[in-house]
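Asker: One structure is given below, represented as structure tokens, and several questions about it will come after.
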Amino acid sequence: MALLEIRNVVKRFGDFTAVNHVSLSVNAGEFFTLLGPSGCGKTTLLRMLAGFEQPDSGEILLDGKDVSNVPPEKRPVHTVFQSYALFPHMTVRENIAFPLKMAGWSADKIAPQVDELLEDVRLSKFGTRYPHELSGGQRQRVAIARALVDRPRLLLLDEPLSALDAKLREEMQIELINLQKEVGITFVYVTHDQGEALALSHRIAVMNSGQVEQLDMPETIYSYPRNRFVADFIGQCNVLESEVKAIHGDGTMTIAIKGCGEMKALAREGVTVGQQGWLALRPEKIKLDRELPELANEAYFKGRVHDCLYMGDVTLYIVEVGEGVRIEAMLPNSAPGLAKLFDDNDLVEIAWRFDAGSFLTE
Amino acid sequence: MQERLGKWLLSWPPLAYLVVFFLLPSLIMMFAAFRYPGDYGGLMPLTSEDPATGKLVLDITLDNWRDYLTLESFVRLVDEPLYIELFIKSLWYATLTTLICIAMGYPLAWLIARSPKKYRDLMLLLVILPFWSNFLIRIYAWMILLGPQSALSKAINLVVTAFGHEPVSLLFTPFAVIVCLVYVHLPFMVLPLYANLEKHDMALLDAAQDLGASAWQRFWKITWPLSLPGVYAGAALVFIPALGMFAVPDIIGGTEGIMIGNLIKQQFLETRDWPFGAVLSIMLTGGVLLMAGLAAAVGRGKQKAKQKHG
Amino acid sequence: MAKRQSWWLWAAAALAYVFLYLPLVIVVVYSFNDSKLNAEWVGFTLDWYHKLFNNREMLVAARNSMVIGVVSALAATFFGALAGIAMHRYKLRLLPFLVLTPIAIPEILMGVSLLIFFVLLNVTLGMTSIILAHVAFCIGFVAIVVRARMQGMDNSLVEAARDLGATPWQAFRLVTLPQIMPGILAGGLMAFTLSIDDFVITFFTAGVGSSTLPLQIYSMIKIAVTPEVNAISTLLMVLTLCLIVLVSKVSPGALRAE
């Protein structure tokens, strides 16, 4: 049985439907992420899990029991807030001890528990400080320690890294993964940062307009987005207008990319000949050179470099193939030296394997 | 150079005015406390007119200053418990007023701070508006409300007589004084409280609830301690003017309800014993400074406690 | 996001509002009451207003109040604006102390010390002494409003003016002054209101023939309460209300600055 089960949950604010018939389940010990742009309903869903909002319909089951109408203070679920929400008039120790006090623990039992948590988040020396005397990363760790101290069944994290700068964010990501492994508590993590989601999660639910667009492992979501929204939202992606020309029995089909020509692609269930759709293709899966061999299982086009964006570790080349069709290809700058291979207006050839992209119908 | 000139031009006119019409009079009053009263009230002069030249001559010298300066008025204050008792009574009235203002102002300030933004300014304006109406009118309004023919008086006396007691008078009593003091000072409590409560991060209350705190615990563990600076500021703004109030007890307090301010007024305008009036004023100033210092010290104490760990 | 508050909180707040307004409403209502007693509603009349406008003493007092209000507001605005600007610009010690203390201490202390001061200097108590006293306590209110306005001003504006070739004086006159003008106006109107309404300090610094409206009201309610007081109170409330609306129009937020 899943630890958390969300069944057909709907939440409206006036005319606006924030969460629209969402169903999903989270397993015990999982690092689960709700990913989506702002306003997609992920935070509302999280607040319903915490108990700050009640669903208009549907059920939220925790360990098999419906908790939809249990107030936040009675749920074995804690939240790490975006702003951390550390109590400014309490020291780090007092902040971490807060949930234990509320639960009625005696002082002599509280102290060792708080010590342990302080050690877990490497803040043992900072117990007597006030929140305003800590750095951003330290505050973050206090917020996490405070939410973990009474071992909740579920920890909810609401964009906890968004206030940190890029470098610190990376460090904290590693720390979060280690912490989650160590304590073994289930994390439900909300973010709009796809990189963060891919790096941290066991599974990701991509949300848009109150609905789950795709729920999968990070690598599946990245490589085989289910629809244009997911393809667009996560990473860079070529989305090329196409039409199905023929379906073959071996799990492949032939498609025609508008303005380019025909090529083989992975077949997709439920498509019919003549159907319009899009081919989603990651730039780094495309081969690019002055000359390339024409292989049977690859699509192959000639083109001209229109623009290049040098980004240090990689360079993004925008190649014009046919009339007005531009395809982005990304090459690592891993060769010694300056390692930039082409310039604007160079004539090049590009190719990709038939299973490098996926055909989208919506 | 130009910077200096600007500073000088800007600050000297108001500084000079306030030195002459505030600082100097205050110092003169302090000094007056050590002098003898004059034959016909006021102060015994330190100068006299030279009959020959018609010029003013300073009579007081290093040798004879004992004839002109005295601690007599201070001794009188300490000797007669009546005055100290009146001062303590005034302190008590001011304290009571402050506490009632907190009890009434807190829910109001809290509600305004938690109301939708578009209503907040209006709700706040409605609190401030009565404060801008004339002070005497506000006292006078309570003369009507507490007067013997008012509905309030009649209702209370109906209950009182039903229990077999003599009918009571509300007007010209300490009760009337407290009611009026609260009425006059309530906005001073609501404003700083609101300013404080409005800044509270609502996420803190969510966090406390999320971590298991009930509504009652959320108030006493989070909201109340965080609002203390506002409470202290409001308390100072209510307590200080309430302590020195003379118009309210003068108009509505009768003989029972008088405060230290009435005594000061009496010394200056009726008995015309200025040195003693000055002594009473110094005592009032002391009370005010004590309160202001206390509020500041509590505020600074918190600050220090925080820095100590830094 | 505002959660619904519990009913008892609304009840407490409503009670506080009733407490704040009931007395004033009663004064206004009784000013139109056709009865000598402030006890119950008899019928509508404008008699008390008629009486008021035929009361010579009251008219003289009103004129005095106006003169005192205008003169002391003008003077206090001048001194207060300078003080507000200086307090914002420079780190000063004595000036903020002298500006703010008169506001903080009980009024009676200032009243009696000015009384001694004027008597010792042989200044005849009257209009002059009242105006001098009013200016002293109004400076602080103007200074606070002006300083708040200065603090709300974008500092880079002056720097931009200097950068574009303005002298310090030009930068002040062409950039700073227009920016803080609403604050100065609001401060002046506040000073006028405070002066018109002041009782305590006027009480100690007034002499024969310099009665103001508040002093007149005081003697009326001390001696014999007649509904004429209701009428003058109502008029004064309307006047104050107009001034307050004016202040909030020229500088929203100025009323809260103190």
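Identifiers in the structure tokens: chain A, B, ... in order shown; residue index from 1 per chain; ligand index from 1 in order shown.
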Using DSSP on the backbone, list every residue of region 22-241 of chain B that comes out as strand (DSSP E), and give them as a list in words.

Answerer: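 For region 22-241 of chain B, the strand (DSSP E) set is Thr47, Ser48, Glu49, Leu56, Val57 and Leu58 of chain B.
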
Asker: Now that the selection is made, can you save its residues with N, CA and C atoms as an mmCIF file, in the first residue's frame?

Answerer:
```cif
data_model
loop_
_atom_site.group_PDB
_atom_site.id
_atom_site.type_symbol
_atom_site.label_atom_id
_atom_site.label_comp_id
_atom_site.auth_asym_id
_atom_site.auth_seq_id
_atom_site.Cartn_x
_atom_site.Cartn_y
_atom_site.Cartn_z
ATOM 1 N N THR B 47 15.707 89.618 42.072
ATOM 2 C CA THR B 47 16.235 90.938 41.706
ATOM 3 C C THR B 47 15.362 92.000 42.343
ATOM 4 N N SER B 48 15.862 93.191 42.425
ATOM 5 C CA SER B 48 15.015 94.289 42.882
ATOM 6 C C SER B 48 15.418 95.553 42.143
ATOM 7 N N GLU B 49 14.531 96.518 42.175
ATOM 8 C CA GLU B 49 14.795 97.753 41.449
ATOM 9 C C GLU B 49 15.569 98.698 42.359
ATOM 10 N N LEU B 56 17.517 97.245 37.402
ATOM 11 C CA LEU B 56 17.337 95.988 38.131
ATOM 12 C C LEU B 56 18.680 95.525 38.682
ATOM 13 N N VAL B 57 18.685 95.137 39.959
ATOM 14 C CA VAL B 57 19.917 94.663 40.579
ATOM 15 C C VAL B 57 19.702 93.224 41.031
ATOM 16 N N LEU B 58 20.724 92.397 40.823
ATOM 17 C CA LEU B 58 20.654 91.007 41.278
ATOM 18 C C LEU B 58 20.924 90.966 42.778
#
```

Asker: Please identify all residues of chain B having at least one atom at most 9 Å from any atom of chain A, considering only C-alpha atoms, and return them as an NGL selection string.

Answerer: :B and (201-214 or 217 or 222 or 225-226 or 306-307 or 309-310)

Asker: For region 197-209 of chain C, find every residue with an atom within 8 Å (counting only C-alpha atoms), except residues of its own chain fewer than 6 positions away, and show them as a ChimeraX atom specification.

Answerer: /B:133-136,247 /C:107-108,110-112,114-115,124-127,129-130,133-134,215

Asker: Keeping only all heavy atoms, write the selected residues as a compact mmCIF listing (two decimals), in the first residue's frame.

Answerer:
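Just written: result.txt:
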```txt
# COMPACT_ATOMS: atom_id res chain seq x y z
N SER B 133 -10.90 64.80 16.66
CA SER B 133 -11.94 65.72 17.12
C SER B 133 -11.45 66.35 18.42
O SER B 133 -10.61 65.80 19.11
CB SER B 133 -13.26 64.98 17.35
OG SER B 133 -13.12 64.12 18.45
N ASN B 134 -11.99 67.52 18.72
CA ASN B 134 -11.47 68.26 19.87
C ASN B 134 -11.56 67.44 21.15
O ASN B 134 -12.56 66.79 21.44
CB ASN B 134 -12.24 69.56 20.03
CG ASN B 134 -11.62 70.45 21.07
OD1 ASN B 134 -11.70 70.14 22.25
ND2 ASN B 134 -10.99 71.51 20.65
N PHE B 135 -10.44 67.50 21.87
CA PHE B 135 -10.27 66.77 23.11
C PHE B 135 -11.39 67.06 24.12
O PHE B 135 -11.96 66.16 24.74
CB PHE B 135 -8.90 67.21 23.61
CG PHE B 135 -8.51 66.75 24.95
CD1 PHE B 135 -8.31 65.42 25.19
CD2 PHE B 135 -8.31 67.66 25.96
CE1 PHE B 135 -7.92 65.00 26.43
CE2 PHE B 135 -7.91 67.24 27.20
CZ PHE B 135 -7.72 65.91 27.44
N LEU B 136 -11.76 68.33 24.26
CA LEU B 136 -12.80 68.69 25.23
C LEU B 136 -14.16 68.14 24.81
O LEU B 136 -14.97 67.74 25.65
CB LEU B 136 -12.90 70.21 25.36
CG LEU B 136 -11.72 70.85 26.05
CD1 LEU B 136 -11.78 72.36 25.90
CD2 LEU B 136 -11.68 70.47 27.51
N ALA B 247 -7.19 67.66 32.44
CA ALA B 247 -8.49 68.09 31.96
C ALA B 247 -9.57 67.05 32.24
O ALA B 247 -10.68 67.40 32.64
CB ALA B 247 -8.42 68.40 30.46
N GLU C 107 1.27 67.32 28.29
CA GLU C 107 1.17 68.72 27.88
C GLU C 107 1.25 69.68 29.06
O GLU C 107 1.75 70.80 28.94
CB GLU C 107 -0.17 68.95 27.18
CG GLU C 107 -0.18 68.57 25.73
CD GLU C 107 -1.53 68.90 25.12
OE1 GLU C 107 -2.52 68.23 25.48
OE2 GLU C 107 -1.59 69.82 24.32
N ILE C 108 0.76 69.24 30.20
CA ILE C 108 0.69 70.15 31.34
C ILE C 108 2.08 70.66 31.72
O ILE C 108 2.24 71.81 32.15
CB ILE C 108 -0.01 69.48 32.54
CG1 ILE C 108 -0.32 70.51 33.60
CG2 ILE C 108 0.81 68.35 33.09
CD1 ILE C 108 -1.15 69.98 34.75
N MET C 110 4.63 71.31 29.77
CA MET C 110 5.01 72.40 28.89
C MET C 110 4.17 73.64 29.23
O MET C 110 4.68 74.77 29.22
CB MET C 110 4.76 71.99 27.45
CG MET C 110 5.59 72.76 26.49
SD MET C 110 5.64 71.92 24.93
CE MET C 110 6.02 73.29 23.91
N GLY C 111 2.90 73.43 29.53
CA GLY C 111 2.01 74.54 29.86
C GLY C 111 2.52 75.32 31.05
O GLY C 111 2.67 76.55 30.99
N VAL C 112 2.84 74.64 32.15
CA VAL C 112 3.23 75.37 33.35
C VAL C 112 4.61 75.99 33.21
O VAL C 112 4.86 77.10 33.70
CB VAL C 112 3.15 74.50 34.63
CG1 VAL C 112 1.71 74.10 34.90
CG2 VAL C 112 4.04 73.28 34.54
N LEU C 114 5.96 77.14 30.48
CA LEU C 114 5.82 78.35 29.66
C LEU C 114 5.14 79.47 30.45
O LEU C 114 5.46 80.65 30.30
CB LEU C 114 5.03 78.04 28.38
CG LEU C 114 5.86 77.37 27.29
CD1 LEU C 114 4.97 76.82 26.19
CD2 LEU C 114 6.89 78.33 26.71
N LEU C 115 4.21 79.07 31.33
CA LEU C 115 3.55 80.08 32.18
C LEU C 115 4.58 80.82 33.03
O LEU C 115 4.63 82.05 33.06
CB LEU C 115 2.51 79.39 33.08
CG LEU C 115 1.91 80.23 34.19
CD1 LEU C 115 1.03 81.34 33.61
CD2 LEU C 115 1.09 79.37 35.15
N THR C 124 3.05 89.82 28.60
CA THR C 124 1.64 89.80 28.96
C THR C 124 1.01 88.56 28.35
O THR C 124 1.19 88.29 27.16
CB THR C 124 0.93 91.04 28.42
OG1 THR C 124 1.75 92.16 28.66
CG2 THR C 124 -0.42 91.21 29.07
N LEU C 125 0.28 87.78 29.18
CA LEU C 125 -0.36 86.59 28.64
C LEU C 125 -1.49 87.01 27.72
O LEU C 125 -2.33 87.82 28.07
CB LEU C 125 -0.88 85.72 29.79
CG LEU C 125 0.22 85.14 30.68
CD1 LEU C 125 -0.40 84.30 31.79
CD2 LEU C 125 1.20 84.31 29.88
N GLY C 126 -1.50 86.46 26.54
CA GLY C 126 -2.52 86.81 25.55
C GLY C 126 -2.24 86.09 24.25
O GLY C 126 -1.61 85.03 24.25
N MET C 127 -2.69 86.69 23.16
CA MET C 127 -2.52 86.05 21.86
C MET C 127 -1.06 85.70 21.57
O MET C 127 -0.74 84.61 21.11
CB MET C 127 -3.04 86.99 20.76
CG MET C 127 -4.49 87.34 20.90
SD MET C 127 -5.54 86.04 20.28
CE MET C 127 -5.53 86.46 18.54
N SER C 129 1.54 85.18 23.58
CA SER C 129 2.10 84.06 24.35
C SER C 129 1.50 82.74 23.87
O SER C 129 2.18 81.72 23.81
CB SER C 129 1.87 84.27 25.84
OG SER C 129 0.49 84.36 26.11
N ILE C 130 0.21 82.76 23.53
CA ILE C 130 -0.41 81.51 23.05
C ILE C 130 0.26 81.06 21.76
O ILE C 130 0.61 79.89 21.59
CB ILE C 130 -1.92 81.70 22.81
CG1 ILE C 130 -2.64 82.00 24.13
CG2 ILE C 130 -2.53 80.45 22.18
CD1 ILE C 130 -4.11 82.31 23.97
N ALA C 133 3.67 79.60 22.27
CA ALA C 133 3.59 78.27 22.87
C ALA C 133 3.14 77.24 21.84
O ALA C 133 3.71 76.14 21.75
CB ALA C 133 2.61 78.29 24.04
N HIS C 134 2.14 77.60 21.03
CA HIS C 134 1.64 76.64 20.04
C HIS C 134 2.73 76.27 19.04
O HIS C 134 2.86 75.11 18.66
CB HIS C 134 0.43 77.23 19.30
CG HIS C 134 -0.83 77.11 20.10
ND1 HIS C 134 -2.08 77.22 19.55
CD2 HIS C 134 -1.03 76.89 21.41
CE1 HIS C 134 -3.00 77.07 20.49
NE2 HIS C 134 -2.38 76.88 21.64
N LEU C 215 -11.13 77.03 25.05
CA LEU C 215 -11.29 77.64 26.38
C LEU C 215 -12.75 78.01 26.62
O LEU C 215 -13.27 77.85 27.73
CB LEU C 215 -10.42 78.89 26.51
CG LEU C 215 -8.91 78.66 26.52
CD1 LEU C 215 -8.18 79.97 26.75
CD2 LEU C 215 -8.52 77.65 27.59
```

Asker: Please provide the set of residues having any atom within 7 Å of region 26-41 of chain A, restricted to only C-alpha atoms, with same-chain residues fewer than 2 positions apart removed, written as a short mmCIF file (atom, residue, chain, number, x, y, z; two decimals) with N, CA and C atoms, in the first residue's frame.

Answerer:
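Saved the output as around17.cif:
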```
data_model
loop_
_atom_site.label_atom_id
_atom_site.label_comp_id
_atom_site.auth_asym_id
_atom_site.auth_seq_id
_atom_site.Cartn_x
_atom_site.Cartn_y
_atom_site.Cartn_z
N ALA A 2 0.48 2.19 -0.82
CA ALA A 2 1.23 3.44 -0.89
C ALA A 2 1.07 4.21 0.42
N LEU A 3 2.10 4.98 0.76
CA LEU A 3 2.03 5.79 1.98
C LEU A 3 0.98 6.89 1.83
N LEU A 4 1.03 7.54 0.67
CA LEU A 4 0.12 8.67 0.43
C LEU A 4 -0.63 8.41 -0.85
N GLU A 5 -1.94 8.56 -0.77
CA GLU A 5 -2.70 8.39 -1.99
C GLU A 5 -3.64 9.56 -2.18
N ALA A 18 -7.77 25.41 -9.17
CA ALA A 18 -6.34 25.33 -8.92
C ALA A 18 -5.84 23.91 -9.11
N VAL A 19 -6.63 22.95 -8.63
CA VAL A 19 -6.26 21.54 -8.76
C VAL A 19 -7.45 20.82 -9.36
N LEU A 24 -2.74 10.60 -7.62
CA LEU A 24 -1.39 10.03 -7.67
C LEU A 24 -1.08 9.39 -6.33
N THR A 43 1.57 24.12 -5.49
CA THR A 43 1.61 24.60 -4.10
C THR A 43 0.26 24.37 -3.41
N THR A 44 -0.82 24.55 -4.16
CA THR A 44 -2.14 24.29 -3.58
C THR A 44 -2.26 22.82 -3.17
N LEU A 45 -1.76 21.94 -4.05
CA LEU A 45 -1.80 20.51 -3.73
C LEU A 45 -0.99 20.25 -2.45
N GLY A 184 15.29 8.38 5.97
CA GLY A 184 14.32 7.45 5.40
C GLY A 184 12.89 7.95 5.40
N ILE A 185 12.71 9.27 5.58
CA ILE A 185 11.36 9.82 5.58
C ILE A 185 10.96 10.20 4.15
N THR A 186 9.70 10.02 3.83
CA THR A 186 9.22 10.32 2.48
C THR A 186 9.17 11.83 2.28
N PHE A 187 9.75 12.28 1.16
CA PHE A 187 9.75 13.71 0.85
C PHE A 187 8.80 13.99 -0.30
N VAL A 188 7.97 15.00 -0.14
CA VAL A 188 7.24 15.51 -1.30
C VAL A 188 7.73 16.93 -1.53
N TYR A 189 8.31 17.14 -2.71
CA TYR A 189 9.08 18.34 -2.97
C TYR A 189 8.41 19.12 -4.08
N VAL A 190 8.21 20.43 -3.84
CA VAL A 190 7.58 21.26 -4.87
C VAL A 190 8.61 22.20 -5.46
N THR A 191 8.71 22.27 -6.76
CA THR A 191 9.65 23.21 -7.38
C THR A 191 9.20 23.57 -8.79
N HIS A 192 9.71 24.71 -9.27
CA HIS A 192 9.47 25.05 -10.67
C HIS A 192 10.77 24.89 -11.46
N GLN A 194 13.32 22.72 -13.17
CA GLN A 194 13.37 21.35 -13.71
C GLN A 194 14.70 20.67 -13.39
N ALA A 197 14.51 19.27 -9.98
CA ALA A 197 13.61 18.11 -9.95
C ALA A 197 14.32 16.88 -10.50
N SER A 201 14.92 13.82 -7.60
CA SER A 201 13.74 12.97 -7.37
C SER A 201 13.91 11.52 -7.77
N HIS A 202 13.13 10.67 -7.11
CA HIS A 202 12.92 9.31 -7.60
C HIS A 202 11.88 9.34 -8.69
N ARG A 203 10.79 10.07 -8.42
CA ARG A 203 9.75 10.22 -9.44
C ARG A 203 9.29 11.68 -9.47
N ILE A 204 8.84 12.11 -10.65
CA ILE A 204 8.40 13.48 -10.83
C ILE A 204 6.99 13.49 -11.40
N ALA A 205 6.13 14.36 -10.85
CA ALA A 205 4.84 14.61 -11.48
C ALA A 205 4.92 16.01 -12.08
N VAL A 206 4.84 16.11 -13.41
CA VAL A 206 4.86 17.42 -14.05
C VAL A 206 3.43 17.93 -14.10
N MET A 207 3.21 19.12 -13.53
CA MET A 207 1.85 19.65 -13.45
C MET A 207 1.70 20.89 -14.32
N ASN A 208 0.49 21.05 -14.84
CA ASN A 208 0.16 22.24 -15.61
C ASN A 208 -1.34 22.48 -15.50
N SER A 209 -1.74 23.73 -15.28
CA SER A 209 -3.15 24.10 -15.17
C SER A 209 -3.93 23.15 -14.27
N GLY A 210 -3.37 22.80 -13.15
CA GLY A 210 -4.11 22.02 -12.17
C GLY A 210 -4.15 20.53 -12.45
#
```

Asker: According to DSSP computed on the backbone, where in region 92-282 of chain B is there helix (DSSP H, G or I)? Give the residues as an MDAnalysis selection string.

Answerer: chainID B and resid 92:113 117:132 135:146 151:162 174:198 202:210 215:243 247:252 260:270 274:282

Asker: Please list as a list in words every residue within 10 Å of Phe342 (chain A), counting only C-alpha atoms and excluding residues in the same chain fewer than 2 positions away.

Answerer: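 Skipping anything fewer than 2 positions along the chain leaves Leu288, Asp289, Arg290, Val305, Asp307, Cys308, Thr315, Tyr317, Ala339, Lys340, Asp344, Asn345, Asp346, Leu347 and Val348 of chain A.
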
Asker: For the selection you just gave me, I'd like the residues written to a file as a compact mmCIF listing (two decimals), in the first residue's frame, keeping all heavy atoms.

Answerer:
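Produced file out-v8.txt, reproduced below:
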```txt
# COMPACT_ATOMS: atom_id res chain seq x y z
N LEU A 288 26.24 16.32 -35.50
CA LEU A 288 26.46 17.47 -36.36
C LEU A 288 27.93 17.46 -36.79
O LEU A 288 28.82 17.31 -35.96
CB LEU A 288 26.15 18.75 -35.57
CG LEU A 288 26.50 20.10 -36.18
CD1 LEU A 288 25.63 20.39 -37.39
CD2 LEU A 288 26.32 21.18 -35.15
N ASP A 289 28.16 17.55 -38.11
CA ASP A 289 29.54 17.60 -38.61
C ASP A 289 29.52 18.18 -40.01
O ASP A 289 28.47 18.41 -40.59
CB ASP A 289 30.15 16.19 -38.61
CG ASP A 289 31.65 16.26 -38.29
OD1 ASP A 289 32.28 17.30 -38.62
OD2 ASP A 289 32.16 15.29 -37.70
N ARG A 290 30.75 18.40 -40.56
CA ARG A 290 30.79 18.89 -41.93
C ARG A 290 30.31 17.82 -42.91
O ARG A 290 29.63 18.09 -43.87
CB ARG A 290 32.20 19.33 -42.30
CG ARG A 290 32.62 20.54 -41.50
CD ARG A 290 33.87 21.20 -42.02
NE ARG A 290 34.36 22.10 -40.98
CZ ARG A 290 33.85 23.31 -40.77
NH1 ARG A 290 32.86 23.76 -41.51
NH2 ARG A 290 34.32 24.07 -39.79
N VAL A 305 24.74 26.60 -40.80
CA VAL A 305 24.71 27.14 -39.43
C VAL A 305 24.15 28.56 -39.47
O VAL A 305 24.64 29.40 -40.23
CB VAL A 305 26.12 27.14 -38.81
CG1 VAL A 305 26.08 27.82 -37.44
CG2 VAL A 305 26.65 25.72 -38.68
N ASP A 307 23.19 30.33 -36.45
CA ASP A 307 23.62 31.02 -35.22
C ASP A 307 24.34 30.03 -34.34
O ASP A 307 24.02 28.84 -34.37
CB ASP A 307 22.39 31.51 -34.45
CG ASP A 307 22.18 33.00 -34.64
OD1 ASP A 307 23.18 33.72 -34.72
OD2 ASP A 307 21.01 33.42 -34.70
N CYS A 308 25.29 30.51 -33.54
CA CYS A 308 25.82 29.62 -32.50
C CYS A 308 25.81 30.35 -31.17
O CYS A 308 26.11 31.55 -31.11
CB CYS A 308 27.23 29.12 -32.77
SG CYS A 308 27.99 29.64 -34.28
N THR A 315 28.27 24.06 -26.93
CA THR A 315 27.84 25.13 -27.84
C THR A 315 26.54 24.69 -28.49
O THR A 315 26.39 23.52 -28.87
CB THR A 315 28.89 25.40 -28.93
OG1 THR A 315 30.12 25.72 -28.29
CG2 THR A 315 28.46 26.56 -29.83
N TYR A 317 24.21 25.00 -31.62
CA TYR A 317 24.20 25.46 -33.02
C TYR A 317 22.78 25.44 -33.53
O TYR A 317 22.07 24.44 -33.36
CB TYR A 317 25.07 24.55 -33.88
CG TYR A 317 26.51 24.53 -33.44
CD1 TYR A 317 26.99 23.55 -32.58
CD2 TYR A 317 27.40 25.53 -33.88
CE1 TYR A 317 28.31 23.54 -32.15
CE2 TYR A 317 28.72 25.53 -33.45
CZ TYR A 317 29.17 24.53 -32.59
OH TYR A 317 30.46 24.54 -32.16
N ALA A 339 38.03 24.70 -29.12
CA ALA A 339 37.03 23.66 -29.26
C ALA A 339 35.71 24.11 -29.84
O ALA A 339 34.74 23.39 -29.82
CB ALA A 339 36.78 22.95 -27.93
N LYS A 340 35.66 25.31 -30.42
CA LYS A 340 34.44 25.68 -31.10
C LYS A 340 34.56 25.23 -32.56
O LYS A 340 35.53 25.54 -33.24
CB LYS A 340 34.23 27.18 -31.02
CG LYS A 340 32.81 27.59 -31.40
CD LYS A 340 32.63 29.08 -31.40
CE LYS A 340 31.41 29.42 -32.20
NZ LYS A 340 31.40 30.82 -32.61
N ASP A 344 29.08 30.81 -38.10
CA ASP A 344 27.87 31.14 -38.83
C ASP A 344 28.09 30.89 -40.32
O ASP A 344 29.18 31.15 -40.85
CB ASP A 344 27.52 32.63 -38.64
CG ASP A 344 27.00 32.88 -37.26
OD1 ASP A 344 27.04 31.94 -36.44
OD2 ASP A 344 26.57 34.02 -36.97
N ASN A 345 27.04 30.40 -40.98
CA ASN A 345 27.02 30.18 -42.43
C ASN A 345 27.86 28.99 -42.92
O ASN A 345 27.93 28.75 -44.11
CB ASN A 345 27.45 31.44 -43.19
CG ASN A 345 26.41 32.53 -43.03
OD1 ASN A 345 25.22 32.24 -43.04
ND2 ASN A 345 26.87 33.75 -42.87
N ASP A 346 28.49 28.25 -42.00
CA ASP A 346 29.17 27.02 -42.40
C ASP A 346 28.14 26.03 -42.92
O ASP A 346 27.03 25.95 -42.37
CB ASP A 346 29.92 26.38 -41.22
CG ASP A 346 31.21 27.13 -40.91
OD1 ASP A 346 31.47 28.13 -41.62
OD2 ASP A 346 31.92 26.72 -39.99
N LEU A 347 28.52 25.28 -43.97
CA LEU A 347 27.63 24.22 -44.44
C LEU A 347 27.90 22.98 -43.62
O LEU A 347 29.06 22.57 -43.45
CB LEU A 347 27.87 23.96 -45.94
CG LEU A 347 27.40 25.10 -46.85
CD1 LEU A 347 27.83 24.84 -48.29
CD2 LEU A 347 25.89 25.27 -46.74
N VAL A 348 26.83 22.37 -43.08
CA VAL A 348 27.02 21.20 -42.19
C VAL A 348 26.00 20.13 -42.54
O VAL A 348 25.06 20.36 -43.31
CB VAL A 348 26.84 21.60 -40.71
CG1 VAL A 348 28.00 22.46 -40.25
CG2 VAL A 348 25.52 22.29 -40.49
```

Asker: Kindly give the distance, in Å, that separates CA of Gly277 (chain A) and CA of Ile350 (chain A), rounded to a single decimal.

Answerer: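 Taking CA of Gly277 (chain A) and CA of Ile350 (chain A), their separation equals 21.8 Å.
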
Asker: Listing only residues of region 16-50 of chain B within 12 Å of region 76-90 of chain C, what is the closest atom pair and its distance in Å (to one decimal) for each, using only C-alpha atoms, sorted by chain and residue number ascending, as a tab-separated table?

Answerer:
```
residue	atom	partner	partner_atom	distance
B:Ala16	CA	C:Phe79	CA	9.8
B:Tyr17	CA	C:Phe79	CA	8.1
B:Leu18	CA	C:Phe79	CA	9.5
```

Asker: Can you spit out the residues from that selection as a tab-separated table (two decimals), in the first residue's frame, using N, CA, C and O atoms?

Answerer:
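Output below, filename out_10.tsv:
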```tsv
chain	number	residue	atom	x	y	z
B	16	ALA	N	17.14	77.10	17.78
B	16	ALA	CA	17.09	78.32	18.60
B	16	ALA	C	15.68	78.49	19.19
B	16	ALA	O	15.52	78.78	20.38
B	17	TYR	N	14.66	78.28	18.35
B	17	TYR	CA	13.29	78.47	18.83
B	17	TYR	C	12.98	77.54	20.00
B	17	TYR	O	12.43	77.94	21.02
B	18	LEU	N	13.38	76.27	19.81
B	18	LEU	CA	13.05	75.29	20.85
B	18	LEU	C	13.89	75.48	22.10
B	18	LEU	O	13.43	75.18	23.20
```

Asker: Determine, counting only C-alpha atoms, which protein, DNA and RNA residues have an atom within 8 Å of an atom of region 219-224 of chain C; residues of the same chain fewer than 5 positions away are not included. Present the result as a ChimeraX atom specification.

Answerer: /B:140,251 /C:229
